Amino acid sequence: MTDPALIDVLVAKQQIADLTAAYCRGVDRADAALLGSLFHPDSHVESGPFNGSGQDFAREICAIVRPVFTQTSHANAHQWVEVDGDSAKGETYVTALATPRGQEGDPVHMLTGGRYLDRFVRTNGTWQFIERRFVCDWVVRQPAGGGDDLYAGFLRGAQGPSDPVHSLWGNSAS
């Protein structure tokens, strides 16, 4: 016997996990259109460099990421989500690595650990962020070191449509 309410909660949790993964992709690929689609029109974001609507955040964070970092890589870890009908709240742990552009001397990687405190809303069957706040728990700066020659010939990540993921999904990586 299956409980429809339990199935709805389990499906909602998976859809919310997909939403939070899409957010990481959107930031790392500097894809403002993808990011914008993840936020409800009435959403609010609080994330240090930007506090305001989700739509404005999508544009502004990409405008920051493109010129400031050669690459970013966000990885979600464990996630705690409580679903209540068409709304939900959650805490998602994240680790992000970023390499700033234009560093003199030895390049530095910035490794950040933190949590997203989210409120979600489901409208017409689609989950979106209605509120997203980033809590920075720790930051480590360390020399980038060498080793790029070890990966010569490998596909390399990039911001925008030149990233290899676009050839997998066609012109749409969302």
# chains A, B, ... in the order shown; residues from 1 in each chain; ligands from 1
$ residues_around --residues "Val45 in chain A" --least-positions-apart "4" --cutoff "12 Å" --atoms "only C-alpha atoms" --output "PDB file with all heavy atoms, in the first residue's frame"
ATOM      1  N   GLY A  36      17.861  32.803 -13.009  1.00  0.00           N
ATOM      2  CA  GLY A  36      16.614  33.557 -12.909  1.00  0.00           C
ATOM      3  C   GLY A  36      15.395  32.658 -12.889  1.00  0.00           C
ATOM      4  O   GLY A  36      14.408  32.951 -12.202  1.00  0.00           O
ATOM      5  N   LEU A  38      15.054  29.884 -11.498  1.00  0.00           N
ATOM      6  CA  LEU A  38      14.966  29.133 -10.249  1.00  0.00           C
ATOM      7  C   LEU A  38      14.300  29.920  -9.124  1.00  0.00           C
ATOM      8  O   LEU A  38      13.943  29.348  -8.098  1.00  0.00           O
ATOM      9  CB  LEU A  38      16.363  28.705  -9.801  1.00  0.00           C
ATOM     10  CG  LEU A  38      17.202  27.945 -10.828  1.00  0.00           C
ATOM     11  CD1 LEU A  38      18.583  27.659 -10.270  1.00  0.00           C
ATOM     12  CD2 LEU A  38      16.502  26.665 -11.266  1.00  0.00           C
ATOM     13  N   PHE A  39      14.157  31.228  -9.331  1.00  0.00           N
ATOM     14  CA  PHE A  39      13.624  32.103  -8.288  1.00  0.00           C
ATOM     15  C   PHE A  39      12.194  32.545  -8.604  1.00  0.00           C
ATOM     16  O   PHE A  39      11.893  32.951  -9.733  1.00  0.00           O
ATOM     17  CB  PHE A  39      14.511  33.344  -8.137  1.00  0.00           C
ATOM     18  CG  PHE A  39      15.826  33.042  -7.492  1.00  0.00           C
ATOM     19  CD1 PHE A  39      16.948  32.776  -8.259  1.00  0.00           C
ATOM     20  CD2 PHE A  39      15.941  33.005  -6.113  1.00  0.00           C
ATOM     21  CE1 PHE A  39      18.167  32.486  -7.672  1.00  0.00           C
ATOM     22  CE2 PHE A  39      17.155  32.714  -5.510  1.00  0.00           C
ATOM     23  CZ  PHE A  39      18.269  32.454  -6.287  1.00  0.00           C
ATOM     24  N   HIS A  40      11.339  32.464  -7.613  1.00  0.00           N
ATOM     25  CA  HIS A  40       9.972  32.968  -7.723  1.00  0.00           C
ATOM     26  C   HIS A  40      10.036  34.488  -7.944  1.00  0.00           C
ATOM     27  O   HIS A  40      10.949  35.146  -7.433  1.00  0.00           O
ATOM     28  CB  HIS A  40       9.224  32.642  -6.417  1.00  0.00           C
ATOM     29  CG  HIS A  40       7.786  32.954  -6.466  1.00  0.00           C
ATOM     30  ND1 HIS A  40       7.287  34.208  -6.181  1.00  0.00           N
ATOM     31  CD2 HIS A  40       6.710  32.176  -6.766  1.00  0.00           C
ATOM     32  CE1 HIS A  40       5.976  34.195  -6.303  1.00  0.00           C
ATOM     33  NE2 HIS A  40       5.596  32.969  -6.651  1.00  0.00           N
ATOM     34  N   PRO A  41       9.092  35.070  -8.682  1.00  0.00           N
ATOM     35  CA  PRO A  41       9.128  36.519  -8.923  1.00  0.00           C
ATOM     36  C   PRO A  41       9.151  37.365  -7.646  1.00  0.00           C
ATOM     37  O   PRO A  41       9.694  38.467  -7.640  1.00  0.00           O
ATOM     38  CB  PRO A  41       7.850  36.784  -9.731  1.00  0.00           C
ATOM     39  CG  PRO A  41       7.551  35.484 -10.395  1.00  0.00           C
ATOM     40  CD  PRO A  41       8.015  34.417  -9.441  1.00  0.00           C
ATOM     41  N   PRO A  49      27.516  39.676  -1.075  1.00  0.00           N
ATOM     42  CA  PRO A  49      27.743  40.685  -2.110  1.00  0.00           C
ATOM     43  C   PRO A  49      26.453  41.241  -2.693  1.00  0.00           C
ATOM     44  O   PRO A  49      26.459  42.269  -3.348  1.00  0.00           O
ATOM     45  CB  PRO A  49      28.549  39.946  -3.179  1.00  0.00           C
ATOM     46  CG  PRO A  49      28.235  38.512  -2.983  1.00  0.00           C
ATOM     47  CD  PRO A  49      27.964  38.349  -1.508  1.00  0.00           C
ATOM     48  N   PHE A  50      25.334  40.550  -2.447  1.00  0.00           N
ATOM     49  CA  PHE A  50      24.069  41.010  -3.008  1.00  0.00           C
ATOM     50  C   PHE A  50      22.937  40.644  -2.066  1.00  0.00           C
ATOM     51  O   PHE A  50      22.847  39.519  -1.586  1.00  0.00           O
ATOM     52  CB  PHE A  50      23.808  40.381  -4.374  1.00  0.00           C
ATOM     53  CG  PHE A  50      22.484  40.803  -4.940  1.00  0.00           C
ATOM     54  CD1 PHE A  50      22.381  41.965  -5.666  1.00  0.00           C
ATOM     55  CD2 PHE A  50      21.348  40.062  -4.685  1.00  0.00           C
ATOM     56  CE1 PHE A  50      21.150  42.386  -6.152  1.00  0.00           C
ATOM     57  CE2 PHE A  50      20.122  40.472  -5.168  1.00  0.00           C
ATOM     58  CZ  PHE A  50      20.026  41.635  -5.911  1.00  0.00           C
ATOM     59  N   ASN A  51      22.048  41.586  -1.849  1.00  0.00           N
ATOM     60  CA  ASN A  51      20.820  41.363  -1.090  1.00  0.00           C
ATOM     61  C   ASN A  51      19.686  42.032  -1.856  1.00  0.00           C
ATOM     62  O   ASN A  51      19.714  43.236  -2.081  1.00  0.00           O
ATOM     63  CB  ASN A  51      20.925  41.958   0.321  1.00  0.00           C
ATOM     64  CG  ASN A  51      22.064  41.338   1.098  1.00  0.00           C
ATOM     65  OD1 ASN A  51      22.170  40.132   1.210  1.00  0.00           O
ATOM     66  ND2 ASN A  51      22.941  42.178   1.621  1.00  0.00           N
ATOM     67  N   GLY A  52      18.718  41.243  -2.286  1.00  0.00           N
ATOM     68  CA  GLY A  52      17.608  41.797  -3.062  1.00  0.00           C
ATOM     69  C   GLY A  52      16.790  40.682  -3.681  1.00  0.00           C
ATOM     70  O   GLY A  52      16.791  39.546  -3.210  1.00  0.00           O
ATOM     71  N   SER A  53      16.118  41.003  -4.784  1.00  0.00           N
ATOM     72  CA  SER A  53      15.247  40.018  -5.435  1.00  0.00           C
ATOM     73  C   SER A  53      16.077  38.905  -6.085  1.00  0.00           C
ATOM     74  O   SER A  53      17.228  39.108  -6.475  1.00  0.00           O
ATOM     75  CB  SER A  53      14.377  40.698  -6.493  1.00  0.00           C
ATOM     76  OG  SER A  53      15.113  40.932  -7.672  1.00  0.00           O
ATOM     77  N   GLY A  54      15.460  37.744  -6.212  1.00  0.00           N
ATOM     78  CA  GLY A  54      16.128  36.621  -6.863  1.00  0.00           C
ATOM     79  C   GLY A  54      16.468  36.902  -8.306  1.00  0.00           C
ATOM     80  O   GLY A  54      17.522  36.497  -8.808  1.00  0.00           O
ATOM     81  N   GLN A  55      15.579  37.608  -9.014  1.00  0.00           N
ATOM     82  CA  GLN A  55      15.827  37.940 -10.414  1.00  0.00           C
ATOM     83  C   GLN A  55      17.036  38.866 -10.544  1.00  0.00           C
ATOM     84  O   GLN A  55      17.886  38.680 -11.420  1.00  0.00           O
ATOM     85  CB  GLN A  55      14.582  38.582 -11.037  1.00  0.00           C
ATOM     86  CG  GLN A  55      13.347  37.705 -10.981  1.00  0.00           C
ATOM     87  CD  GLN A  55      13.534  36.354 -11.631  1.00  0.00           C
ATOM     88  OE1 GLN A  55      14.065  36.253 -12.732  1.00  0.00           O
ATOM     89  NE2 GLN A  55      13.104  35.298 -10.959  1.00  0.00           N
ATOM     90  N   ASP A  56      17.102  39.877  -9.669  1.00  0.00           N
ATOM     91  CA  ASP A  56      18.256  40.783  -9.693  1.00  0.00           C
ATOM     92  C   ASP A  56      19.528  40.046  -9.289  1.00  0.00           C
ATOM     93  O   ASP A  56      20.592  40.267  -9.859  1.00  0.00           O
ATOM     94  CB  ASP A  56      18.024  41.986  -8.778  1.00  0.00           C
ATOM     95  CG  ASP A  56      16.975  42.945  -9.320  1.00  0.00           C
ATOM     96  OD1 ASP A  56      16.669  42.879 -10.529  1.00  0.00           O
ATOM     97  OD2 ASP A  56      16.457  43.748  -8.521  1.00  0.00           O
ATOM     98  N   PHE A  57      19.407  39.156  -8.303  1.00  0.00           N
ATOM     99  CA  PHE A  57      20.561  38.369  -7.871  1.00  0.00           C
ATOM    100  C   PHE A  57      21.133  37.565  -9.038  1.00  0.00           C
ATOM    101  O   PHE A  57      22.349  37.515  -9.231  1.00  0.00           O
ATOM    102  CB  PHE A  57      20.167  37.412  -6.733  1.00  0.00           C
ATOM    103  CG  PHE A  57      21.232  36.411  -6.415  1.00  0.00           C
ATOM    104  CD1 PHE A  57      22.308  36.751  -5.615  1.00  0.00           C
ATOM    105  CD2 PHE A  57      21.165  35.118  -6.915  1.00  0.00           C
ATOM    106  CE1 PHE A  57      23.303  35.827  -5.326  1.00  0.00           C
ATOM    107  CE2 PHE A  57      22.148  34.190  -6.641  1.00  0.00           C
ATOM    108  CZ  PHE A  57      23.220  34.548  -5.834  1.00  0.00           C
ATOM    109  N   ALA A  58      20.265  36.925  -9.815  1.00  0.00           N
ATOM    110  CA  ALA A  58      20.717  36.102 -10.942  1.00  0.00           C
ATOM    111  C   ALA A  58      21.594  36.915 -11.895  1.00  0.00           C
ATOM    112  O   ALA A  58      22.653  36.451 -12.328  1.00  0.00           O
ATOM    113  CB  ALA A  58      19.519  35.511 -11.679  1.00  0.00           C
ATOM    114  N   GLU A  60      23.104  39.924 -11.179  1.00  0.00           N
ATOM    115  CA  GLU A  60      24.241  40.536 -10.479  1.00  0.00           C
ATOM    116  C   GLU A  60      25.333  39.525 -10.134  1.00  0.00           C
ATOM    117  O   GLU A  60      26.517  39.830 -10.264  1.00  0.00           O
ATOM    118  CB  GLU A  60      23.768  41.260  -9.216  1.00  0.00           C
ATOM    119  CG  GLU A  60      22.893  42.459  -9.492  1.00  0.00           C
ATOM    120  CD  GLU A  60      23.614  43.549 -10.258  1.00  0.00           C
ATOM    121  OE1 GLU A  60      24.802  43.801  -9.985  1.00  0.00           O
ATOM    122  OE2 GLU A  60      22.981  44.167 -11.139  1.00  0.00           O
ATOM    123  N   ILE A  61      24.962  38.327  -9.691  1.00  0.00           N
ATOM    124  CA  ILE A  61      25.998  37.356  -9.308  1.00  0.00           C
ATOM    125  C   ILE A  61      26.782  36.921 -10.542  1.00  0.00           C
ATOM    126  O   ILE A  61      27.995  36.742 -10.484  1.00  0.00           O
ATOM    127  CB  ILE A  61      25.433  36.158  -8.517  1.00  0.00           C
ATOM    128  CG1 ILE A  61      26.558  35.428  -7.766  1.00  0.00           C
ATOM    129  CG2 ILE A  61      24.701  35.175  -9.414  1.00  0.00           C
ATOM    130  CD1 ILE A  61      27.205  36.204  -6.663  1.00  0.00           C
ATOM    131  N   TYR A 116      23.073  27.117   2.888  1.00  0.00           N
ATOM    132  CA  TYR A 116      21.969  27.890   2.345  1.00  0.00           C
ATOM    133  C   TYR A 116      20.756  27.625   3.230  1.00  0.00           C
ATOM    134  O   TYR A 116      20.411  26.468   3.487  1.00  0.00           O
ATOM    135  CB  TYR A 116      21.644  27.470   0.914  1.00  0.00           C
ATOM    136  CG  TYR A 116      22.742  27.779  -0.069  1.00  0.00           C
ATOM    137  CD1 TYR A 116      23.427  26.768  -0.711  1.00  0.00           C
ATOM    138  CD2 TYR A 116      23.078  29.102  -0.369  1.00  0.00           C
ATOM    139  CE1 TYR A 116      24.421  27.047  -1.621  1.00  0.00           C
ATOM    140  CE2 TYR A 116      24.079  29.393  -1.278  1.00  0.00           C
ATOM    141  CZ  TYR A 116      24.746  28.350  -1.901  1.00  0.00           C
ATOM    142  OH  TYR A 116      25.730  28.638  -2.807  1.00  0.00           O
ATOM    143  N   LEU A 117      20.134  28.676   3.701  1.00  0.00           N
ATOM    144  CA  LEU A 117      18.883  28.584   4.439  1.00  0.00           C
ATOM    145  C   LEU A 117      17.796  29.048   3.478  1.00  0.00           C
ATOM    146  O   LEU A 117      17.782  30.206   3.055  1.00  0.00           O
ATOM    147  CB  LEU A 117      18.929  29.466   5.685  1.00  0.00           C
ATOM    148  CG  LEU A 117      20.113  29.214   6.626  1.00  0.00           C
ATOM    149  CD1 LEU A 117      20.040  30.150   7.828  1.00  0.00           C
ATOM    150  CD2 LEU A 117      20.181  27.761   7.059  1.00  0.00           C
ATOM    151  N   ASP A 118      16.941  28.115   3.106  1.00  0.00           N
ATOM    152  CA  ASP A 118      16.001  28.357   2.017  1.00  0.00           C
ATOM    153  C   ASP A 118      14.553  28.205   2.439  1.00  0.00           C
ATOM    154  O   ASP A 118      14.224  27.384   3.308  1.00  0.00           O
ATOM    155  CB  ASP A 118      16.236  27.359   0.876  1.00  0.00           C
ATOM    156  CG  ASP A 118      17.588  27.504   0.220  1.00  0.00           C
ATOM    157  OD1 ASP A 118      17.984  28.646  -0.070  1.00  0.00           O
ATOM    158  OD2 ASP A 118      18.244  26.464  -0.002  1.00  0.00           O
ATOM    159  N   ARG A 119      13.719  28.958   1.753  1.00  0.00           N
ATOM    160  CA  ARG A 119      12.275  28.728   1.753  1.00  0.00           C
ATOM    161  C   ARG A 119      11.913  28.529   0.284  1.00  0.00           C
ATOM    162  O   ARG A 119      12.412  29.243  -0.592  1.00  0.00           O
ATOM    163  CB  ARG A 119      11.516  29.901   2.354  1.00  0.00           C
ATOM    164  CG  ARG A 119      11.793  30.042   3.840  1.00  0.00           C
ATOM    165  CD  ARG A 119      10.817  30.992   4.525  1.00  0.00           C
ATOM    166  NE  ARG A 119      11.165  31.136   5.921  1.00  0.00           N
ATOM    167  CZ  ARG A 119      10.829  30.293   6.894  1.00  0.00           C
ATOM    168  NH1 ARG A 119      10.111  29.235   6.602  1.00  0.00           N
ATOM    169  NH2 ARG A 119      11.194  30.505   8.142  1.00  0.00           N
ATOM    170  N   PHE A 129      12.856  28.944  -5.449  1.00  0.00           N
ATOM    171  CA  PHE A 129      13.266  29.632  -4.236  1.00  0.00           C
ATOM    172  C   PHE A 129      12.348  30.836  -4.029  1.00  0.00           C
ATOM    173  O   PHE A 129      12.151  31.608  -4.962  1.00  0.00           O
ATOM    174  CB  PHE A 129      14.704  30.160  -4.347  1.00  0.00           C
ATOM    175  CG  PHE A 129      15.751  29.100  -4.506  1.00  0.00           C
ATOM    176  CD1 PHE A 129      16.329  28.861  -5.736  1.00  0.00           C
ATOM    177  CD2 PHE A 129      16.175  28.357  -3.415  1.00  0.00           C
ATOM    178  CE1 PHE A 129      17.314  27.891  -5.889  1.00  0.00           C
ATOM    179  CE2 PHE A 129      17.145  27.381  -3.548  1.00  0.00           C
ATOM    180  CZ  PHE A 129      17.724  27.144  -4.785  1.00  0.00           C
ATOM    181  N   ILE A 130      11.841  31.004  -2.818  1.00  0.00           N
ATOM    182  CA  ILE A 130      11.134  32.221  -2.458  1.00  0.00           C
ATOM    183  C   ILE A 130      12.028  33.055  -1.542  1.00  0.00           C
ATOM    184  O   ILE A 130      11.927  34.273  -1.497  1.00  0.00           O
ATOM    185  CB  ILE A 130       9.750  31.935  -1.821  1.00  0.00           C
ATOM    186  CG1 ILE A 130       8.920  33.211  -1.683  1.00  0.00           C
ATOM    187  CG2 ILE A 130       9.870  31.232  -0.489  1.00  0.00           C
ATOM    188  CD1 ILE A 130       8.324  33.705  -2.957  1.00  0.00           C
ATOM    189  N   GLU A 131      12.945  32.373  -0.843  1.00  0.00           N
ATOM    190  CA  GLU A 131      13.934  33.044  -0.004  1.00  0.00           C
ATOM    191  C   GLU A 131      15.191  32.186   0.048  1.00  0.00           C
ATOM    192  O   GLU A 131      15.112  30.975   0.225  1.00  0.00           O
ATOM    193  CB  GLU A 131      13.398  33.226   1.417  1.00  0.00           C
ATOM    194  CG  GLU A 131      14.363  33.911   2.358  1.00  0.00           C
ATOM    195  CD  GLU A 131      13.796  34.017   3.774  1.00  0.00           C
ATOM    196  OE1 GLU A 131      12.565  34.026   3.945  1.00  0.00           O
ATOM    197  OE2 GLU A 131      14.613  34.062   4.705  1.00  0.00           O
ATOM    198  N   ARG A 132      16.343  32.815  -0.143  1.00  0.00           N
ATOM    199  CA  ARG A 132      17.625  32.102  -0.074  1.00  0.00           C
ATOM    200  C   ARG A 132      18.603  32.987   0.677  1.00  0.00           C
ATOM    201  O   ARG A 132      18.850  34.129   0.299  1.00  0.00           O
ATOM    202  CB  ARG A 132      18.150  31.766  -1.465  1.00  0.00           C
ATOM    203  CG  ARG A 132      19.557  31.120  -1.413  1.00  0.00           C
ATOM    204  CD  ARG A 132      19.807  30.230  -2.591  1.00  0.00           C
ATOM    205  NE  ARG A 132      19.666  28.855  -2.120  1.00  0.00           N
ATOM    206  CZ  ARG A 132      20.396  27.832  -2.529  1.00  0.00           C
ATOM    207  NH1 ARG A 132      21.310  28.008  -3.455  1.00  0.00           N
ATOM    208  NH2 ARG A 132      20.214  26.629  -2.042  1.00  0.00           N
ATOM    209  N   ARG A 133      19.148  32.453   1.763  1.00  0.00           N
ATOM    210  CA  ARG A 133      20.156  33.168   2.549  1.00  0.00           C
ATOM    211  C   ARG A 133      21.396  32.291   2.645  1.00  0.00           C
ATOM    212  O   ARG A 133      21.288  31.094   2.890  1.00  0.00           O
ATOM    213  CB  ARG A 133      19.636  33.483   3.950  1.00  0.00           C
ATOM    214  CG  ARG A 133      18.424  34.370   3.911  1.00  0.00           C
ATOM    215  CD  ARG A 133      17.856  34.695   5.264  1.00  0.00           C
ATOM    216  NE  ARG A 133      18.115  33.648   6.224  1.00  0.00           N
ATOM    217  CZ  ARG A 133      17.834  33.723   7.512  1.00  0.00           C
ATOM    218  NH1 ARG A 133      17.280  34.794   8.009  1.00  0.00           N
ATOM    219  NH2 ARG A 133      18.100  32.733   8.321  1.00  0.00           N
ATOM    220  N   PHE A 134      22.561  32.897   2.439  1.00  0.00           N
ATOM    221  CA  PHE A 134      23.820  32.161   2.551  1.00  0.00           C
ATOM    222  C   PHE A 134      24.468  32.478   3.882  1.00  0.00           C
ATOM    223  O   PHE A 134      24.622  33.642   4.249  1.00  0.00           O
ATOM    224  CB  PHE A 134      24.783  32.512   1.413  1.00  0.00           C
ATOM    225  CG  PHE A 134      26.111  31.825   1.551  1.00  0.00           C
ATOM    226  CD1 PHE A 134      26.216  30.452   1.423  1.00  0.00           C
ATOM    227  CD2 PHE A 134      27.256  32.542   1.859  1.00  0.00           C
ATOM    228  CE1 PHE A 134      27.431  29.806   1.576  1.00  0.00           C
ATOM    229  CE2 PHE A 134      28.472  31.915   2.013  1.00  0.00           C
ATOM    230  CZ  PHE A 134      28.565  30.539   1.866  1.00  0.00           C
ATOM    231  N   VAL A 135      24.856  31.429   4.611  1.00  0.00           N
ATOM    232  CA  VAL A 135      25.585  31.548   5.863  1.00  0.00           C
ATOM    233  C   VAL A 135      26.998  31.057   5.603  1.00  0.00           C
ATOM    234  O   VAL A 135      27.204  29.892   5.247  1.00  0.00           O
ATOM    235  CB  VAL A 135      24.941  30.695   6.979  1.00  0.00           C
ATOM    236  CG1 VAL A 135      25.755  30.778   8.262  1.00  0.00           C
ATOM    237  CG2 VAL A 135      23.496  31.098   7.205  1.00  0.00           C
TER     238      VAL A 135
END
$ residues_around --residues "Gln15 in chain A" --least-positions-apart "5" --cutoff "12 Å" --atoms "only C-alpha atoms" --output "PyMOL selection string"
chain A and resi 8-10+20-22+38+81+83+88+120-122+125-129
$ select_by_dssp --residues "range 13-170 of chain A" --states "helix (DSSP H, G or I)" --output "ChimeraX atom specification"
/A:13-28,32-38,54-68,148-151,160-162,165-169
$ closest_residue --among "A:Ser43, A:Thr2, A:Gln142, A:Ser167" --to "Asp106 in chain A" --atoms "only C-alpha atoms"
A:Gln142
$ closest_residue --among "A:Thr95, A:Thr112, A:Ser87, A:Gln159" --to "Pro67 in chain A" --atoms "only C-alpha atoms"
A:Gln159
$ atom_distance --atom1 "CA of Gly170 in chain A" --atom2 "CA of Gln79 in chain A"
29.8 Å
$ residues_around --residues "Val68 in chain A" --least-positions-apart "6" --cutoff "10 Å" --atoms "only C-alpha atoms" --output "list of chain:residue names"
A:Cys62, A:Ala98, A:Thr99, A:Pro100, A:Arg101, A:Gly102
$ select_by_dssp --residues "range 32-76 of chain A" --states "strand (DSSP E)" --output "PDB file with C-alpha atoms, in the first residue's frame"
ATOM      1  CA  PHE A  39      13.624  32.103  -8.288  1.00  0.00           C
ATOM      2  CA  HIS A  40       9.972  32.968  -7.723  1.00  0.00           C
ATOM      3  CA  PRO A  41       9.128  36.519  -8.923  1.00  0.00           C
ATOM      4  CA  ASP A  42       8.574  37.595  -5.281  1.00  0.00           C
ATOM      5  CA  SER A  43      11.800  35.997  -4.005  1.00  0.00           C
ATOM      6  CA  HIS A  44      14.475  37.534  -1.818  1.00  0.00           C
ATOM      7  CA  VAL A  45      18.185  36.643  -1.624  1.00  0.00           C
ATOM      8  CA  GLU A  46      20.661  37.532   1.112  1.00  0.00           C
ATOM      9  CA  ASN A  51      20.820  41.363  -1.090  1.00  0.00           C
ATOM     10  CA  GLY A  52      17.608  41.797  -3.062  1.00  0.00           C
ATOM     11  CA  SER A  53      15.247  40.018  -5.435  1.00  0.00           C
ATOM     12  CA  PHE A  69      36.844  34.455 -11.136  1.00  0.00           C
ATOM     13  CA  THR A  70      38.447  32.188 -13.711  1.00  0.00           C
ATOM     14  CA  GLN A  71      36.320  29.373 -12.306  1.00  0.00           C
ATOM     15  CA  THR A  72      33.979  28.495  -9.485  1.00  0.00           C
ATOM     16  CA  SER A  73      32.820  25.069  -8.403  1.00  0.00           C
ATOM     17  CA  HIS A  74      29.956  24.647  -5.945  1.00  0.00           C
ATOM     18  CA  ALA A  75      29.126  21.254  -4.420  1.00  0.00           C
ATOM     19  CA  ASN A  76      26.032  20.672  -2.313  1.00  0.00           C
TER      20      ASN A  76
END
$ residues_around --residues "Gly26 in chain A" --least-positions-apart "6" --cutoff "7 Å" --atoms "only C-alpha atoms" --output "VMD selection string"
chain A and resid 32 34 to 35
$ write_last_selection --atoms "N, CA and C atoms" --output "mmCIF file, in the first residue's frame"
data_model
loop_
_atom_site.group_PDB
_atom_site.id
_atom_site.type_symbol
_atom_site.label_atom_id
_atom_site.label_comp_id
_atom_site.auth_asym_id
_atom_site.auth_seq_id
_atom_site.Cartn_x
_atom_site.Cartn_y
_atom_site.Cartn_z
ATOM 1 N N ALA A 32 22.864 33.421 -16.160
ATOM 2 C CA ALA A 32 21.839 34.255 -15.527
ATOM 3 C C ALA A 32 20.425 33.799 -15.875
ATOM 4 N N LEU A 34 19.370 30.667 -16.488
ATOM 5 C CA LEU A 34 19.074 29.497 -15.660
ATOM 6 C C LEU A 34 18.798 29.929 -14.228
ATOM 7 N N LEU A 35 19.688 30.740 -13.660
ATOM 8 C CA LEU A 35 19.500 31.186 -12.276
ATOM 9 C C LEU A 35 18.175 31.913 -12.102
#
$ residues_around --residues "Trp80 in chain A" --least-positions-apart "3" --cutoff "7 Å" --atoms "only C-alpha atoms" --output "list of chain:residue names"
A:Gly90, A:Glu91, A:Thr92
$ write_last_selection --atoms "all heavy atoms" --output "mmCIF file, in the first residue's frame"
data_model
loop_
_atom_site.group_PDB
_atom_site.id
_atom_site.type_symbol
_atom_site.label_atom_id
_atom_site.label_comp_id
_atom_site.auth_asym_id
_atom_site.auth_seq_id
_atom_site.Cartn_x
_atom_site.Cartn_y
_atom_site.Cartn_z
ATOM 1 N N GLY A 90 14.420 24.578 4.100
ATOM 2 C CA GLY A 90 15.539 23.651 4.121
ATOM 3 C C GLY A 90 16.860 24.315 4.428
ATOM 4 O O GLY A 90 17.014 25.537 4.333
ATOM 5 N N GLU A 91 17.801 23.471 4.795
ATOM 6 C CA GLU A 91 19.186 23.870 5.028
ATOM 7 C C GLU A 91 20.049 22.943 4.180
ATOM 8 O O GLU A 91 19.925 21.722 4.269
ATOM 9 C CB GLU A 91 19.539 23.714 6.509
ATOM 10 C CG GLU A 91 20.984 24.025 6.833
ATOM 11 C CD GLU A 91 21.321 23.757 8.303
ATOM 12 O OE1 GLU A 91 20.841 22.740 8.858
ATOM 13 O OE2 GLU A 91 22.072 24.553 8.862
ATOM 14 N N THR A 92 20.900 23.535 3.344
ATOM 15 C CA THR A 92 21.769 22.773 2.455
ATOM 16 C C THR A 92 23.208 23.204 2.690
ATOM 17 O O THR A 92 23.528 24.386 2.581
ATOM 18 C CB THR A 92 21.405 23.013 0.974
ATOM 19 O OG1 THR A 92 20.034 22.678 0.769
ATOM 20 C CG2 THR A 92 22.287 22.181 0.053
#
$ residues_around --residues "Ala96 in chain A" --least-positions-apart "6" --cutoff "12 Å" --atoms "only C-alpha atoms" --output "ChimeraX atom specification"
/A:24-25,27-28,71-77,109-115,136-141
$ closest_residue --among "A:Ile16, A:Ser37, A:Val65, A:Tyr23" --to "Val94 in chain A" --atoms "only C-alpha atoms"
A:Tyr23
$ atom_distance --atom1 "CA of Asn124 in chain A" --atom2 "CA of Asp3 in chain A"
21.8 Å
